[in-house]
$ cat my_file_35.json   # JSON, C-alpha atoms
[["chain", "number", "residue", "atom", "x", "y", "z"],
["X", 1, "MET", "CA", 5.22, -9.24, -18.41],
["X", 2, "PHE", "CA", 1.62, -8.81, -19.51],
["X", 3, "ASN", "CA", -0.08, -10.69, -16.66],
["X", 4, "ASP", "CA", -2.59, -7.97, -15.91],
["X", 5, "ILE", "CA", -3.83, -7.38, -19.48],
["X", 6, "GLY", "CA", -7.27, -8.81, -20.07],
["X", 7, "ALA", "CA", -8.79, -10.12, -23.29],
["X", 8, "LEU", "CA", -10.66, -6.89, -24.00],
["X", 9, "GLU", "CA", -7.54, -4.77, -23.57],
["X", 10, "LEU", "CA", -5.53, -7.12, -25.81],
["X", 11, "LEU", "CA", -8.21, -6.99, -28.49],
["X", 12, "THR", "CA", -8.24, -3.17, -28.25],
["X", 13, "LEU", "CA", -4.45, -3.07, -28.69],
["X", 14, "VAL", "CA", -4.64, -5.35, -31.75],
["X", 15, "VAL", "CA", -7.36, -3.25, -33.38],
["X", 16, "LEU", "CA", -5.44, -0.06, -32.60],
["X", 17, "ALA", "CA", -2.24, -1.53, -34.07],
["X", 18, "VAL", "CA", -4.06, -2.55, -37.27],
["X", 19, "LEU", "CA", -5.53, 0.95, -37.59],
["X", 20, "VAL", "CA", -2.24, 2.75, -36.93],
["X", 21, "PHE", "CA", 0.20, 0.56, -38.91],
["X", 22, "GLY", "CA", -2.12, -1.10, -41.40],
["X", 23, "PRO", "CA", -2.38, -4.81, -42.17],
["X", 24, "GLU", "CA", 0.59, -4.74, -44.58],
["X", 25, "LYS", "CA", 3.15, -3.24, -42.19],
["X", 26, "LEU", "CA", 1.90, -4.91, -38.98],
["X", 27, "PRO", "CA", 3.95, -8.16, -39.27],
["X", 28, "LYS", "CA", 7.14, -6.15, -39.85],
["X", 29, "VAL", "CA", 6.40, -3.91, -36.84],
["X", 30, "ILE", "CA", 5.77, -6.97, -34.64],
["X", 31, "GLN", "CA", 9.10, -8.50, -35.73],
["X", 32, "ASP", "CA", 10.94, -5.26, -34.99],
["X", 33, "VAL", "CA", 9.35, -4.95, -31.55],
["X", 34, "THR", "CA", 10.13, -8.56, -30.59],
["X", 35, "ARG", "CA", 13.72, -8.17, -31.85],
["X", 36, "THR", "CA", 14.14, -5.00, -29.76],
["X", 37, "ILE", "CA", 12.72, -6.66, -26.65],
["X", 38, "ARG", "CA", 15.06, -9.64, -27.15],
["X", 39, "LYS", "CA", 18.10, -7.32, -27.46],
["X", 40, "ILE", "CA", 17.10, -5.41, -24.33],
["X", 41, "ARG", "CA", 16.79, -8.68, -22.38],
["X", 42, "GLU", "CA", 20.19, -9.89, -23.62],
["X", 43, "PHE", "CA", 21.76, -6.55, -22.67],
["X", 44, "SER", "CA", 20.14, -6.70, -19.23],
["X", 45, "ASP", "CA", 21.29, -10.28, -18.63],
["X", 46, "SER", "CA", 24.87, -9.48, -19.66],
["X", 47, "ALA", "CA", 24.89, -6.40, -17.40],
["X", 48, "LYS", "CA", 23.67, -8.53, -14.47],
["X", 49, "GLU", "CA", 26.39, -11.11, -15.11],
["X", 50, "ASP", "CA", 29.04, -8.38, -15.30],
["X", 51, "ILE", "CA", 27.88, -6.93, -11.98],
["X", 52, "ARG", "CA", 27.86, -10.39, -10.33],
["X", 53, "SER", "CA", 31.39, -11.11, -11.58],
["X", 54, "GLU", "CA", 32.62, -7.72, -10.30],
["X", 55, "LEU", "CA", 31.06, -8.20, -6.86],
["X", 56, "GLY", "CA", 33.05, -11.35, -6.20],
["X", 57, "PRO", "CA", 32.35, -14.76, -4.70],
["X", 58, "GLN", "CA", 30.82, -13.46, -1.46],
["X", 59, "PHE", "CA", 27.82, -12.22, -3.50],
["X", 60, "LYS", "CA", 27.25, -15.38, -5.52],
["X", 61, "ASP", "CA", 23.70, -15.74, -4.08],
["X", 62, "PHE", "CA", 22.86, -12.10, -4.82],
["X", 63, "GLU", "CA", 19.59, -11.56, -6.68],
["X", 64, "PHE", "CA", 18.68, -8.21, -8.22],
["X", 65, "GLU", "CA", 15.04, -8.77, -7.27],
["X", 66, "ASP", "CA", 16.16, -8.39, -3.63],
["X", 67, "LEU", "CA", 16.79, -4.71, -4.34],
["X", 68, "ASN", "CA", 13.04, -4.17, -4.74],
["X", 69, "PRO", "CA", 11.88, -2.70, -1.41],
["X", 70, "LYS", "CA", 8.84, -4.97, -1.19],
["X", 71, "THR", "CA", 10.93, -8.07, -1.79],
["X", 72, "PHE", "CA", 13.61, -6.89, 0.62],
["X", 73, "VAL", "CA", 11.14, -6.25, 3.44],
["X", 74, "ARG", "CA", 9.34, -9.53, 2.81],
["X", 75, "LYS", "CA", 12.61, -11.46, 2.82],
["X", 76, "GLN", "CA", 14.09, -9.74, 5.87],
["X", 77, "LEU", "CA", 11.02, -9.42, 8.07],
["X", 78, "MET", "CA", 8.51, -12.03, 6.99],
["X", 79, "ASP", "CA", 10.71, -15.09, 6.45],
["X", 80, "GLY", "CA", 12.14, -17.33, 9.16],
["X", 81, "ASN", "CA", 14.92, -14.80, 9.74],
["X", 82, "ASP", "CA", 13.83, -13.63, 13.20],
["X", 83, "GLU", "CA", 16.85, -11.88, 14.65],
["X", 84, "LEU", "CA", 14.77, -8.95, 15.91],
["X", 85, "GLY", "CA", 12.05, -11.02, 17.61],
["X", 86, "LEU", "CA", 9.41, -9.85, 15.17],
["X", 87, "LYS", "CA", 7.69, -13.23, 14.99],
["X", 88, "GLU", "CA", 6.60, -12.94, 18.61],
["X", 89, "ILE", "CA", 5.33, -9.40, 18.04],
["X", 90, "ARG", "CA", 3.37, -10.44, 14.93],
["X", 91, "GLU", "CA", 1.80, -13.36, 16.77],
["X", 92, "SER", "CA", 0.90, -11.29, 19.84],
["X", 93, "PHE", "CA", -0.77, -8.51, 17.83],
["X", 94, "ASP", "CA", -4.24, -9.46, 16.62],
["X", 95, "LEU", "CA", -5.96, -6.52, 14.95],
["X", 96, "ARG", "CA", -9.43, -8.06, 15.16],
["X", 97, "LYS", "CA", -9.04, -8.65, 18.89],
["X", 98, "GLU", "CA", -7.79, -5.10, 19.43],
["X", 99, "MET", "CA", -10.67, -3.62, 17.43],
["X", 100, "ALA", "CA", -13.18, -5.76, 19.33],
["X", 101, "GLU", "CA", -11.77, -4.50, 22.63],
["X", 102, "VAL", "CA", -12.01, -0.88, 21.47],
["X", 103, "THR", "CA", -15.57, -1.43, 20.23],
["X", 104, "ASP", "CA", -16.57, -3.05, 23.52],
["X", 105, "ALA", "CA", -14.96, -0.21, 25.45],
["X", 106, "VAL", "CA", -16.82, 2.41, 23.41],
["X", 107, "ASN", "CA", -20.15, 0.58, 23.60],
["X", 108, "GLY", "CA", -19.66, -0.24, 27.28],
["X", 109, "SER", "CA", -18.67, 3.33, 28.10],
["X", 110, "GLU", "CA", -21.85, 4.66, 26.47],
["X", 111, "SER", "CA", -24.14, 2.69, 28.75],
["X", 112, "ALA", "CA", -21.86, 3.12, 31.75],
["X", 113, "SER", "CA", -21.31, 6.81, 31.07],
["X", 114, "SER", "CA", -25.04, 7.57, 30.93],
["X", 115, "ALA", "CA", -25.50, 5.95, 34.33],
["X", 116, "GLY", "CA", -22.33, 7.65, 35.55],
["X", 117, "ARG", "CA", -23.52, 11.04, 34.26],
["X", 118, "ALA", "CA", -26.80, 10.72, 36.10],
["X", 119, "ALA", "CA", -25.01, 9.86, 39.32],
["X", 120, "ALA", "CA", -22.41, 12.58, 38.79],
["X", 121, "SER", "CA", -25.02, 15.25, 38.05],
["X", 122, "GLY", "CA", -26.96, 14.24, 41.15],
["X", 123, "ALA", "CA", -23.81, 14.36, 43.24],
["X", 124, "ALA", "CA", -22.77, 17.69, 41.72],
["X", 125, "ALA", "CA", -26.19, 19.18, 42.40],
["X", 126, "ALA", "CA", -26.11, 17.92, 45.95],
["X", 127, "THR", "CA", -22.63, 19.33, 46.65],
["X", 128, "GLY", "CA", -23.08, 22.49, 44.60],
["X", 129, "ALA", "CA", -19.95, 21.77, 42.52],
["X", 130, "ALA", "CA", -19.89, 22.46, 38.80],
["X", 131, "ALA", "CA", -20.41, 19.33, 36.69],
["X", 132, "ALA", "CA", -17.93, 18.42, 33.94],
["X", 133, "PRO", "CA", -19.16, 19.29, 30.45],
["X", 134, "ASP", "CA", -20.89, 16.46, 28.65],
["X", 135, "LEU", "CA", -18.90, 15.93, 25.46],
["X", 136, "LEU", "CA", -21.38, 13.41, 24.04],
["X", 137, "LYS", "CA", -24.30, 15.84, 24.24],
["X", 138, "LYS", "CA", -24.96, 17.80, 21.04],
["X", 139, "PRO", "CA", -24.68, 21.58, 21.46],
["X", 140, "ALA", "CA", -27.88, 23.60, 21.34],
["X", 141, "GLN", "CA", -28.64, 25.07, 17.91],
["X", 142, "PRO", "CA", -28.48, 28.89, 17.80],
["X", 143, "ALA", "CA", -31.58, 30.85, 16.86],
["X", 144, "LYS", "CA", -31.95, 31.89, 13.20],
["X", 145, "ASP", "CA", -31.11, 35.53, 13.90],
["X", 146, "GLU", "CA", -28.21, 34.74, 16.23],
["X", 147, "ARG", "CA", -24.75, 34.79, 14.66],
["X", 148, "PRO", "CA", -22.17, 32.17, 15.62],
["X", 149, "PRO", "CA", -19.27, 33.32, 17.76],
["X", 150, "PHE", "CA", -16.43, 34.98, 15.85],
["X", 151, "ASP", "CA", -12.95, 33.48, 16.21],
["X", 152, "ALA", "CA", -10.30, 35.96, 15.09],
["X", 153, "ASP", "CA", -7.54, 33.30, 15.20],
["X", 154, "ALA", "CA", -9.40, 31.02, 12.81],
["X", 155, "THR", "CA", -9.67, 33.59, 10.02]]

$ encode --input "my_file_35.json" --output "structure tokens"
Amino acid sequence: MFNDIGALELLTLVVLAVLVFGPEKLPKVIQDVTRTIRKIREFSDSAKEDIRSELGPQFKDFEFEDLNPKTFVRKQLMDGNDELGLKEIRESFDLRKEMAEVTDAVNGSESASSAGRAAASGAAAATGAAAAPDLLKKPAQPAKDERPPFDADAT
């Protein structure tokens, strides 16, 4: 229940409890809290047993933890239950490989595109055709006195 509480947090809670309740009342408060937690657990366990008995014998293996979405997905998709063929999809998809291919394509297209742009601009100049805009080239900065173009749709 308290797996993620560290020593410093626990010490802070103890000091805070001593300050709030005082050293005389603190043992009584701890007993009351533990008694309440025990009653809540007993109530929860009896409610689970009542639900299991009402569901019938076909749900004898039913666990309430399976209702947690994370547990349900893990049990249905990640276990050996492979009715949908997901194991083959998981094994065929390698994120690192895909990212390496994209990185190589981007890096390869930079060097290839600069050579391709030079050839394309030479061919366009020779034929007189308009060259495609270079999307990798940064636009020219406007002069200090020049105002940027106004876009009525953007405002």

$ atom_distance --input "my_file_35.json" --atom1 "atom CA of Thr36 of chain X" --atom2 "atom CA of Phe62 of chain X"
27.4 Å

$ atom_distance --input "my_file_35.json" --atom1 "atom CA of Lys25 of chain X" --atom2 "atom CA of Ser44 of chain X"
28.8 Å

$ residues_around --input "my_file_35.json" --residues "Lys48 of chain X" --least-positions-apart "4" --cutoff "12 Å" --atoms "all atoms listed in the file" --output "list in words"
Arg41, Glu42, Phe43, Ser44, Arg52, Ser53, Glu54, Leu55, Lys60, Phe62, Glu63, Phe64 and Glu65 of chain X

$ write_last_selection --input "my_file_35.json" --atoms "C-alpha atoms" --output "short mmCIF file (atom, residue, chain, number, x, y, z; two decimals), keeping the file's coordinate frame"
data_model
loop_
_atom_site.label_atom_id
_atom_site.label_comp_id
_atom_site.auth_asym_id
_atom_site.auth_seq_id
_atom_site.Cartn_x
_atom_site.Cartn_y
_atom_site.Cartn_z
CA ARG X 41 16.79 -8.68 -22.38
CA GLU X 42 20.19 -9.89 -23.62
CA PHE X 43 21.76 -6.55 -22.67
CA SER X 44 20.14 -6.70 -19.23
CA ARG X 52 27.86 -10.39 -10.33
CA SER X 53 31.39 -11.11 -11.58
CA GLU X 54 32.62 -7.72 -10.30
CA LEU X 55 31.06 -8.20 -6.86
CA LYS X 60 27.25 -15.38 -5.52
CA PHE X 62 22.86 -12.10 -4.82
CA GLU X 63 19.59 -11.56 -6.68
CA PHE X 64 18.68 -8.21 -8.22
CA GLU X 65 15.04 -8.77 -7.27
#

$ atom_distance --input "my_file_35.json" --atom1 "atom CA of Leu67 of chain X" --atom2 "atom CA of Ser46 of chain X"
18.0 Å
